[in-house]
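What follows is work-v7.cif (mmCIF, C-alpha atoms).
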data_query
loop_
_atom_site.label_atom_id
_atom_site.label_comp_id
_atom_site.auth_asym_id
_atom_site.auth_seq_id
_atom_site.Cartn_x
_atom_site.Cartn_y
_atom_site.Cartn_z
CA MET Y 1 -43.41 -29.31 27.94
CA HIS Y 2 -44.89 -25.98 27.05
CA MET Y 3 -47.74 -24.75 24.93
CA PRO Y 4 -46.31 -24.43 21.44
CA LEU Y 5 -46.41 -20.93 20.05
CA GLU Y 6 -45.06 -19.47 16.89
CA ASP Y 7 -44.21 -15.88 15.99
CA SER Y 8 -43.86 -14.86 12.37
CA LEU Y 9 -40.96 -12.47 12.05
CA GLY Y 10 -40.34 -12.09 8.33
CA ILE Y 11 -37.26 -9.95 8.89
CA ASN Y 12 -33.95 -9.99 7.10
CA LEU Y 13 -31.36 -12.33 8.57
CA LEU Y 14 -28.91 -9.46 8.36
CA ALA Y 15 -31.33 -6.90 9.79
CA ALA Y 16 -28.86 -5.82 12.46
CA ASN Y 17 -26.27 -4.98 9.80
CA GLN Y 18 -28.93 -3.46 7.57
CA HIS Y 19 -30.02 -1.03 10.28
CA ARG Y 20 -26.46 0.14 10.78
CA ALA Y 21 -25.98 0.44 7.02
CA GLU Y 22 -29.08 2.61 6.77
CA HIS Y 23 -27.71 4.79 9.55
CA ASN Y 24 -24.43 5.19 7.64
CA ARG Y 25 -26.40 6.03 4.53
CA GLU Y 26 -28.28 8.77 6.34
CA HIS Y 27 -24.93 10.33 7.20
CA PHE Y 28 -23.69 10.04 3.61
CA ASP Y 29 -26.84 11.69 2.32
CA ALA Y 30 -26.69 14.44 4.94
CA TRP Y 31 -23.10 15.11 3.93
CA ASN Y 32 -24.17 15.08 0.27
CA LEU Y 33 -21.35 12.79 -0.82
CA LEU Y 34 -21.17 9.71 -3.01
CA CYS Y 35 -20.08 6.57 -1.14
CA LEU Y 36 -18.62 3.72 -3.20
CA ASN Y 37 -18.05 0.20 -1.95
CA VAL Y 38 -15.12 -1.19 -3.96
CA MET Y 39 -14.92 -4.99 -3.96
CA SER Y 40 -12.92 -7.72 -5.66
CA SER Y 41 -10.81 -10.77 -5.04
CA PRO Y 42 -7.35 -10.16 -3.55
CA GLY Y 43 -4.96 -8.78 -6.14
CA ALA Y 44 -7.54 -7.67 -8.70
CA GLY Y 45 -6.24 -4.12 -8.49
CA LYS Y 46 -8.46 -2.19 -6.08
CA THR Y 47 -5.62 -0.21 -4.56
CA SER Y 48 -3.99 0.44 -7.94
CA LEU Y 49 -7.35 1.64 -9.25
CA LEU Y 50 -7.70 4.02 -6.32
CA GLU Y 51 -4.14 5.28 -6.66
CA ARG Y 52 -4.76 6.25 -10.28
CA SER Y 53 -8.27 7.61 -9.84
CA LEU Y 54 -7.46 9.56 -6.69
CA ALA Y 55 -4.48 11.20 -8.35
CA ALA Y 56 -6.48 12.01 -11.49
CA LEU Y 57 -9.54 13.36 -9.69
CA ALA Y 58 -8.02 15.14 -6.70
CA SER Y 59 -8.10 18.51 -8.43
CA ARG Y 60 -11.82 18.14 -9.24
CA TRP Y 61 -13.28 16.51 -6.15
CA ALA Y 62 -12.64 16.33 -2.43
CA MET Y 63 -12.23 12.65 -1.51
CA ALA Y 64 -11.32 10.33 1.34
CA VAL Y 65 -10.83 6.60 1.68
CA LEU Y 66 -11.86 4.03 4.27
CA GLU Y 67 -9.38 1.25 3.69
CA GLY Y 68 -10.38 -2.25 4.77
CA ASP Y 69 -7.64 -4.77 5.29
CA MET Y 70 -7.51 -7.94 7.36
CA THR Y 71 -4.15 -7.43 9.01
CA THR Y 72 -1.87 -4.81 7.48
CA LEU Y 73 -1.73 -1.08 6.75
CA LEU Y 74 0.12 -1.59 3.47
CA ASP Y 75 -2.71 -0.46 1.19
CA ALA Y 76 -3.55 2.48 3.43
CA GLU Y 77 0.07 3.64 3.27
CA ARG Y 78 0.04 3.42 -0.53
CA LEU Y 79 -3.05 5.59 -0.73
CA GLU Y 80 -1.84 8.09 1.88
CA ALA Y 81 1.10 8.68 -0.46
CA VAL Y 82 -1.33 10.08 -3.02
CA GLY Y 83 -2.19 12.85 -0.56
CA ILE Y 84 -5.79 11.81 0.13
CA PRO Y 85 -7.05 11.29 3.70
CA VAL Y 86 -7.15 7.55 4.43
CA VAL Y 87 -8.62 5.82 7.47
CA PRO Y 88 -7.51 2.20 7.80
CA ILE Y 89 -10.01 -0.34 9.08
CA THR Y 90 -8.27 -3.52 10.16
CA THR Y 91 -10.83 -6.29 10.20
CA GLY Y 92 -8.78 -8.97 11.94
CA ARG Y 93 -10.25 -12.35 11.05
CA ALA Y 94 -13.31 -10.93 9.32
CA CYS Y 95 -13.22 -11.40 5.57
CA HIS Y 96 -15.39 -8.39 4.77
CA LEU Y 97 -16.32 -4.96 6.03
CA ASP Y 98 -19.69 -4.63 7.71
CA ALA Y 99 -21.73 -1.55 8.50
CA ALA Y 100 -20.47 -1.32 12.09
CA MET Y 101 -16.84 -1.33 10.96
CA VAL Y 102 -17.56 1.43 8.46
CA SER Y 103 -19.37 3.38 11.17
CA GLY Y 104 -16.24 3.12 13.29
CA GLY Y 105 -14.16 4.31 10.36
CA LEU Y 106 -16.45 7.29 9.91
CA LYS Y 107 -15.90 8.33 13.53
CA LEU Y 108 -12.16 8.34 12.96
CA LEU Y 109 -12.57 10.21 9.69
CA ARG Y 110 -14.62 12.91 11.42
CA GLN Y 111 -11.74 13.50 13.83
CA ARG Y 112 -9.64 14.50 10.82
CA LEU Y 113 -12.07 16.41 8.61
CA ASP Y 114 -15.64 17.47 8.06
CA PRO Y 115 -17.19 14.84 5.73
CA ALA Y 116 -19.68 17.45 4.52
CA GLY Y 117 -16.81 18.88 2.52
CA LEU Y 118 -16.28 15.63 0.59
CA ASP Y 119 -17.60 14.75 -2.84
CA ILE Y 120 -16.66 11.06 -2.81
CA LEU Y 121 -15.97 8.60 -0.02
CA TRP Y 122 -14.29 5.44 -1.26
CA VAL Y 123 -14.53 2.29 0.82
CA GLU Y 124 -12.01 -0.32 -0.25
CA ASN Y 125 -13.38 -3.62 1.00
CA VAL Y 126 -11.37 -6.68 1.98
CA GLY Y 127 -10.22 -8.76 -0.98
CA ASN Y 128 -12.91 -11.41 -1.30
CA LEU Y 129 -15.40 -12.30 -4.03
CA VAL Y 130 -17.93 -13.90 -1.68
CA CYS Y 131 -18.76 -12.28 1.67
CA PRO Y 132 -18.66 -8.52 0.90
CA ALA Y 133 -21.52 -8.92 -1.57
CA GLU Y 134 -23.99 -9.73 1.24
CA PHE Y 135 -23.00 -7.10 3.80
CA ALA Y 136 -24.33 -3.63 3.06
CA ILE Y 137 -22.32 -0.75 4.49
CA GLY Y 138 -24.63 2.07 3.44
CA GLU Y 139 -22.96 2.66 0.09
CA HIS Y 140 -24.70 4.35 -2.83
CA ARG Y 141 -22.97 2.20 -5.40
CA LYS Y 142 -21.17 -1.13 -5.42
CA VAL Y 143 -18.16 -1.38 -7.71
CA ALA Y 144 -16.69 -4.81 -8.42
CA LEU Y 145 -13.33 -5.42 -10.06
CA LEU Y 146 -12.32 -8.46 -12.05
CA SER Y 147 -8.82 -8.68 -13.46
CA VAL Y 148 -8.19 -10.43 -16.76
CA THR Y 149 -5.70 -12.71 -15.03
CA GLU Y 150 -8.52 -14.28 -13.01
CA GLY Y 151 -10.09 -15.92 -16.04
CA ASP Y 152 -13.44 -15.55 -17.74
CA ASP Y 153 -15.36 -17.97 -15.52
CA LYS Y 154 -15.39 -15.91 -12.31
CA PRO Y 155 -18.69 -14.09 -12.96
CA LEU Y 156 -20.37 -17.49 -13.22
CA LYS Y 157 -18.52 -18.96 -10.22
CA TYR Y 158 -19.16 -15.95 -7.98
CA PRO Y 159 -22.40 -14.64 -9.49
CA VAL Y 160 -23.76 -12.88 -6.40
CA MET Y 161 -20.90 -10.39 -6.35
CA PHE Y 162 -21.34 -9.49 -10.00
CA ARG Y 163 -25.12 -9.49 -9.74
CA GLU Y 164 -24.96 -6.98 -6.90
CA ALA Y 165 -22.48 -4.66 -8.60
CA ASP Y 166 -23.67 -1.38 -10.09
CA CYS Y 167 -20.44 -1.22 -12.03
CA VAL Y 168 -17.88 -3.87 -12.96
CA LEU Y 169 -14.35 -2.88 -13.87
CA ILE Y 170 -12.35 -5.38 -15.93
CA THR Y 171 -8.82 -4.53 -14.87
CA LYS Y 172 -5.26 -5.17 -16.06
CA VAL Y 173 -6.32 -5.15 -19.72
CA ASP Y 174 -2.77 -4.18 -20.68
CA LEU Y 175 -1.89 -7.82 -19.98
CA LEU Y 176 -4.35 -9.19 -22.54
CA PRO Y 177 -1.74 -9.66 -25.31
CA HIS Y 178 0.13 -12.02 -22.98
CA LEU Y 179 -2.80 -14.11 -21.75
CA PRO Y 180 -4.94 -16.86 -23.27
CA VAL Y 181 -8.10 -15.08 -22.16
CA ASP Y 182 -10.97 -13.60 -24.14
CA VAL Y 183 -12.07 -10.27 -22.65
CA GLU Y 184 -15.27 -10.37 -24.71
CA ARG Y 185 -16.12 -13.63 -22.98
CA ILE Y 186 -15.43 -12.09 -19.58
CA GLU Y 187 -17.79 -9.23 -20.31
CA ALA Y 188 -20.43 -11.57 -21.74
CA HIS Y 189 -20.36 -13.63 -18.54
CA ILE Y 190 -20.73 -10.50 -16.43
CA ARG Y 191 -23.73 -9.43 -18.47
CA GLN Y 192 -25.29 -12.89 -18.24
CA VAL Y 193 -25.61 -12.56 -14.47
CA ASN Y 194 -26.21 -8.81 -14.49
CA PRO Y 195 -27.33 -7.30 -17.79
CA ARG Y 196 -27.96 -3.89 -16.20
CA THR Y 197 -24.51 -3.23 -14.75
CA ALA Y 198 -22.06 -0.76 -16.25
CA VAL Y 199 -18.86 -2.42 -17.47
CA PHE Y 200 -15.54 -0.72 -18.18
CA ARG Y 201 -12.17 -2.12 -19.25
CA LEU Y 202 -9.23 -0.52 -17.50
CA SER Y 203 -5.52 -0.60 -17.05
CA ALA Y 204 -4.15 1.20 -14.01
CA THR Y 205 -0.71 0.81 -15.58
CA THR Y 206 -1.43 2.57 -18.88
CA GLY Y 207 -4.52 4.58 -17.93
CA GLU Y 208 -6.62 2.93 -20.63
CA GLY Y 209 -10.33 3.20 -19.95
CA PHE Y 210 -10.09 5.62 -17.03
CA GLU Y 211 -11.78 8.48 -18.84
CA ALA Y 212 -15.00 6.51 -19.31
CA TRP Y 213 -14.82 5.20 -15.73
CA HIS Y 214 -14.40 8.72 -14.37
CA ASP Y 215 -17.31 9.92 -16.50
CA TRP Y 216 -19.45 7.21 -14.89
CA LEU Y 217 -18.28 8.35 -11.46
CA ASP Y 218 -19.18 11.92 -12.30
CA ALA Y 219 -22.68 10.85 -13.31
CA GLN Y 220 -23.15 8.96 -10.03
CA ARG Y 221 -21.81 11.87 -8.01
CA GLN Y 222 -24.18 14.28 -9.72
CA ALA Y 223 -27.09 11.91 -9.16
CA VAL Y 224 -26.33 11.74 -5.43
CA GLN Y 225 -25.70 15.44 -4.97
CA SER Y 226 -28.82 16.43 -6.86
CA SER Y 227 -31.18 13.92 -5.27
CA PRO Y 228 -29.67 11.54 -2.71
CA ALA Y 229 -33.03 10.13 -1.61
CA LEU Y 230 -33.65 8.71 -5.08
CA LEU Y 231 -30.74 6.36 -4.63
CA HIS Y 232 -32.49 4.53 -1.82
CA ALA Y 233 -34.67 2.86 -4.45
CA MET D 1 -16.27 -17.52 7.58
CA HIS D 2 -19.05 -14.97 7.10
CA GLU D 3 -21.57 -17.40 8.57
CA VAL D 4 -20.15 -16.37 11.97
CA ASP D 5 -21.08 -12.76 11.28
CA MET D 6 -24.46 -13.80 9.94
CA THR D 7 -25.08 -15.77 13.13
CA ARG D 8 -24.13 -12.71 15.14
CA CYS D 9 -26.74 -10.68 13.24
CA LEU D 10 -29.29 -13.42 13.80
CA LEU D 11 -28.61 -13.43 17.55
CA LEU D 12 -29.05 -9.67 17.72
CA SER D 13 -32.46 -10.02 16.06
CA MET D 14 -33.38 -12.87 18.40
CA ASN D 15 -32.42 -10.79 21.44
CA GLU D 16 -34.63 -7.97 20.18
CA TRP D 17 -37.46 -10.44 19.75
CA LYS D 18 -36.91 -11.75 23.29
CA GLN D 19 -37.34 -8.23 24.64
CA GLN D 20 -40.89 -8.20 23.27
CA HIS D 21 -41.69 -10.93 25.80
CA ALA D 22 -39.88 -9.44 28.77
CA PRO D 23 -39.76 -10.06 31.64
CA ARG D 24 -40.45 -13.66 30.66
CA VAL D 25 -37.87 -15.56 28.68
CA PRO D 26 -39.26 -17.69 25.86
CA ALA D 27 -38.01 -21.25 25.57
CA VAL D 28 -37.21 -21.44 21.86
CA ASP D 29 -37.62 -24.78 20.13
CA ARG D 30 -36.83 -23.78 16.56
CA VAL D 31 -35.84 -20.78 14.52
CA HIS D 32 -36.95 -21.05 10.91
CA LEU D 33 -34.90 -19.34 8.22
CA GLU D 34 -35.47 -19.00 4.50
CA VAL D 35 -32.17 -18.93 2.64
CA GLY D 36 -32.05 -18.53 -1.10
CA THR D 37 -29.66 -20.60 -3.16
CA PHE D 38 -28.46 -17.43 -4.89
CA THR D 39 -26.82 -16.07 -1.75
CA CYS D 40 -23.39 -16.45 -0.22
CA VAL D 41 -24.72 -18.56 2.65
CA GLU D 42 -23.76 -22.16 3.21
CA PRO D 43 -26.71 -23.54 5.26
CA ASP D 44 -24.78 -26.40 6.86
CA GLN D 45 -22.11 -24.01 8.02
CA LEU D 46 -24.74 -21.66 9.42
CA VAL D 47 -26.24 -24.52 11.45
CA VAL D 48 -22.83 -25.35 12.88
CA THR D 49 -22.02 -21.77 13.83
CA TRP D 50 -25.49 -21.33 15.34
CA ALA D 51 -25.14 -24.43 17.51
CA ASP D 52 -21.81 -23.19 18.76
CA ALA D 53 -22.97 -19.61 19.33
CA VAL D 54 -26.06 -20.44 21.42
CA LYS D 55 -24.33 -22.80 23.83
CA GLY D 56 -24.90 -21.61 27.38
CA SER D 57 -27.25 -18.84 26.28
CA TRP D 58 -31.03 -18.49 26.58
CA LEU D 59 -31.20 -20.08 23.12
CA ASP D 60 -29.23 -23.17 24.10
CA GLY D 61 -30.88 -26.19 22.49
CA ALA D 62 -32.89 -24.20 19.95
CA GLU D 63 -32.76 -25.81 16.55
CA LEU D 64 -31.99 -23.78 13.47
CA VAL D 65 -34.18 -24.98 10.60
CA ILE D 66 -33.23 -23.69 7.19
CA GLU D 67 -35.56 -23.86 4.25
CA SER D 68 -33.70 -23.54 1.00
CA VAL D 69 -35.38 -21.29 -1.55
CA PRO D 70 -34.40 -22.15 -5.12
CA LEU D 71 -33.19 -19.60 -7.62
CA VAL D 72 -35.97 -18.80 -10.07
CA GLY D 73 -35.61 -16.28 -12.87
CA ARG D 74 -38.13 -14.74 -15.20
CA CYS D 75 -37.29 -14.23 -18.84
CA VAL D 76 -38.08 -10.61 -19.65
CA ARG D 77 -38.71 -11.50 -23.29
CA CYS D 78 -41.31 -14.23 -22.95
CA GLN D 79 -42.14 -13.88 -19.23
CA ALA D 80 -41.50 -17.58 -18.61
CA THR D 81 -40.04 -18.52 -15.24
CA TYR D 82 -37.05 -20.83 -15.21
CA SER D 83 -34.32 -22.30 -13.02
CA PRO D 84 -31.12 -20.51 -13.97
CA ASP D 85 -28.29 -22.96 -14.49
CA PRO D 86 -24.70 -21.78 -13.90
CA ALA D 87 -23.54 -24.26 -16.53
CA GLU D 88 -25.76 -22.43 -19.03
CA GLY D 89 -24.61 -19.02 -17.89
CA PHE D 90 -27.86 -18.45 -15.94
CA ARG D 91 -29.56 -17.64 -19.28
CA SER D 92 -33.20 -18.39 -19.91
CA PRO D 93 -33.58 -21.70 -21.75
CA CYS D 94 -36.41 -20.28 -23.84
CA CYS D 95 -34.78 -17.17 -25.34
CA HIS D 96 -31.21 -17.48 -24.01
CA HIS D 97 -31.69 -14.05 -22.48
CA PRO D 98 -29.39 -13.03 -19.60
CA MET D 99 -30.70 -13.42 -16.06
CA GLU D 100 -32.39 -10.05 -15.75
CA GLU D 101 -35.19 -10.67 -13.28
CA ILE D 102 -34.84 -12.86 -10.19
CA VAL D 103 -38.14 -14.12 -8.78
CA SER D 104 -36.65 -15.97 -5.81
CA GLY D 105 -33.33 -17.19 -4.51
CA ARG D 106 -32.00 -14.02 -2.83
CA GLU D 107 -33.88 -14.65 0.43
CA LEU D 108 -32.07 -14.23 3.74
CA ARG D 109 -35.05 -14.17 6.05
CA ILE D 110 -35.94 -15.09 9.62
CA ARG D 111 -39.35 -16.55 8.91
CA SER D 112 -40.61 -17.59 12.33
CA VAL D 113 -39.76 -18.69 15.85
CA ALA D 114 -41.38 -21.70 17.54
CA TYR D 115 -41.32 -21.35 21.29
CA GLY D 116 -43.19 -21.61 24.56
CA PHE D 117 -43.04 -20.66 28.19
CA GLU D 118 -42.06 -23.09 30.89
CA SER D 119 -44.54 -21.76 33.41
CA ALA D 120 -48.23 -21.05 32.96
CA PRO D 121 -48.90 -17.40 32.18
CA SER D 122 -50.65 -15.26 34.71
CA PRO D 123 -53.84 -13.39 33.76
CA THR D 124 -51.92 -10.12 33.77
CA ASN D 125 -49.21 -11.50 31.55
CA PRO D 126 -50.96 -13.54 28.88
CA VAL D 127 -49.31 -15.88 26.48
CA SER D 128 -48.20 -14.01 23.42
CA ARG D 129 -49.91 -14.83 20.20
CA PRO D 130 -48.43 -15.23 16.80
CA THR D 131 -47.65 -11.83 15.43
CA ALA D 132 -48.19 -10.59 11.92
CA ALA D 133 -45.22 -10.77 9.63
CA ARG D 134 -43.26 -7.54 9.57
#
Could you take the file, read its structure, and then write that structure out as structure tokens?
Amino acid sequence: MHMPLEDSLGINLLAANQHRAEHNREHFDAWNLLCLNVMSSPGAGKTSLLERSLAALASRWAMAVLEGDMTTLLDAERLEAVGIPVVPITTGRACHLDAAMVSGGLKLLRQRLDPAGLDILWVENVGNLVCPAEFAIGEHRKVALLSVTEGDDKPLKYPVMFREADCVLITKVDLLPHLPVDVERIEAHIRQVNPRTAVFRLSATTGEGFEAWHDWLDAQRQAVQSSPALLHA
Amino acid sequence: MHEVDMTRCLLLSMNEWKQQHAPRVPAVDRVHLEVGTFTCVEPDQLVVTWADAVKGSWLDGAELVIESVPLVGRCVRCQATYSPDPAEGFRSPCCHHPMEEIVSGRELRIRSVAYGFESAPSPTNPVSRPTAAR
């Protein structure tokens, strides 16, 4: 038996990850770039989104990608073909990227280029609507994708992901004529769990909606490059 | 699966806490967590991964006690607090307003550690006292 004592800690369960994420964020701010954490379920169109946006924006902004994948380099190879520097991060059994993995990816990236010359660093997370929402990586903005083929109930079934997102992209809208799904209902459900998020409807196949999405990106990039510290709020 | 990574983070925090008591090693009875229901954590799974992770370590036998913190929203129109219901789209029952403000339910917090020391402390190494919440 021992004298019972009790210490109040009151610290975040994920404090260890949070500290690393803050360290990553300090780097991003020092490099004056916008870091985006792109998340969705598998197959929602993250890589297709990046392929189209990278190709469209390459003449305006310097960009690079940290590409999270559980086992393969397939997505990284697709994005390398666009001509943008890509650093693959293979997570093994982990179903999300964490701040330490991104830190490791940044070390590899720095061997290839000076991040201070970048405008945007994209981090494509592992396809998963649950875990990535809880693990900060130091990003300035969280972008969640939801494809119309996934149905309108996903924002209510996986509310934390959509609550955390600064921007939600409803993808594959070119398929709407062929699906018994109501895109208005999808957007309404997103706004029920997160009325403040930006929502755009896109098709990476036709290019529909990309102009508005890129305008939003531009606004975020300008906000970071003019006053990165404000984004800590 | 992410409960494994959450347990890893928890162990890192616990090891940091242990260092505050060095060179003595606290015998931990319980670690109290507060976990909101509007998180991606499955408490039962976290207890299982914790029990497995601490086997053979200085925390072997320490119980993980998880207090569930319910999701509570506040309607920004009428300021009433309510329990958001997924079946009702998380909207406020009073005004049917979307879930704009969350009062509680996002907690992922290590609240406290109950522990002791097997041997009596010496005068030069007094028993630590409860610390203020950080």
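Between Arg30 of chain D and the candidates D:Val65, D:Ser13, D:Lys55, D:Val103, the tightest atom-to-atom separation, counting only C-alpha atoms, involves D:Val65.
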| said: Using only C-alpha atoms and a distance of at most 10 Å, pull out the residues of chain Y that contact chain D, as a PyMOL selection string. | reply: chain Y and resi 1-18+93-96+98+129-135+153+155-161+163+188-196
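Applied to the shown file, the PyMOL selection byres ((chain D and resi 43) around 9) selects the residues Glu3, Val35, Val41, Glu42, Asp44, Gln45, Leu46, Val47, Val48, Ile66, Glu67 and Ser68 of chain D.
Distance check against Trp61 of chain Y using all atoms listed in the file: of Y:Val148, Y:Ala76, Y:Leu217, Y:Val86, the minimum falls on Y:Leu217.
Of the listed residues (Y:Val65, Y:Leu33, Y:Ala219, Y:Ile89), Y:Ile89 comes nearest to Val102 of chain Y; the distances count only C-alpha atoms.
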| task | Could you give me, as a PyMOL selection string, the residues within 12 Å of Leu74 of chain Y, counting all atoms listed in the file and dropping anything in the same chain fewer than 5 positions from it? | result | chain Y and resi 47+67-69+79-81+86+88-90
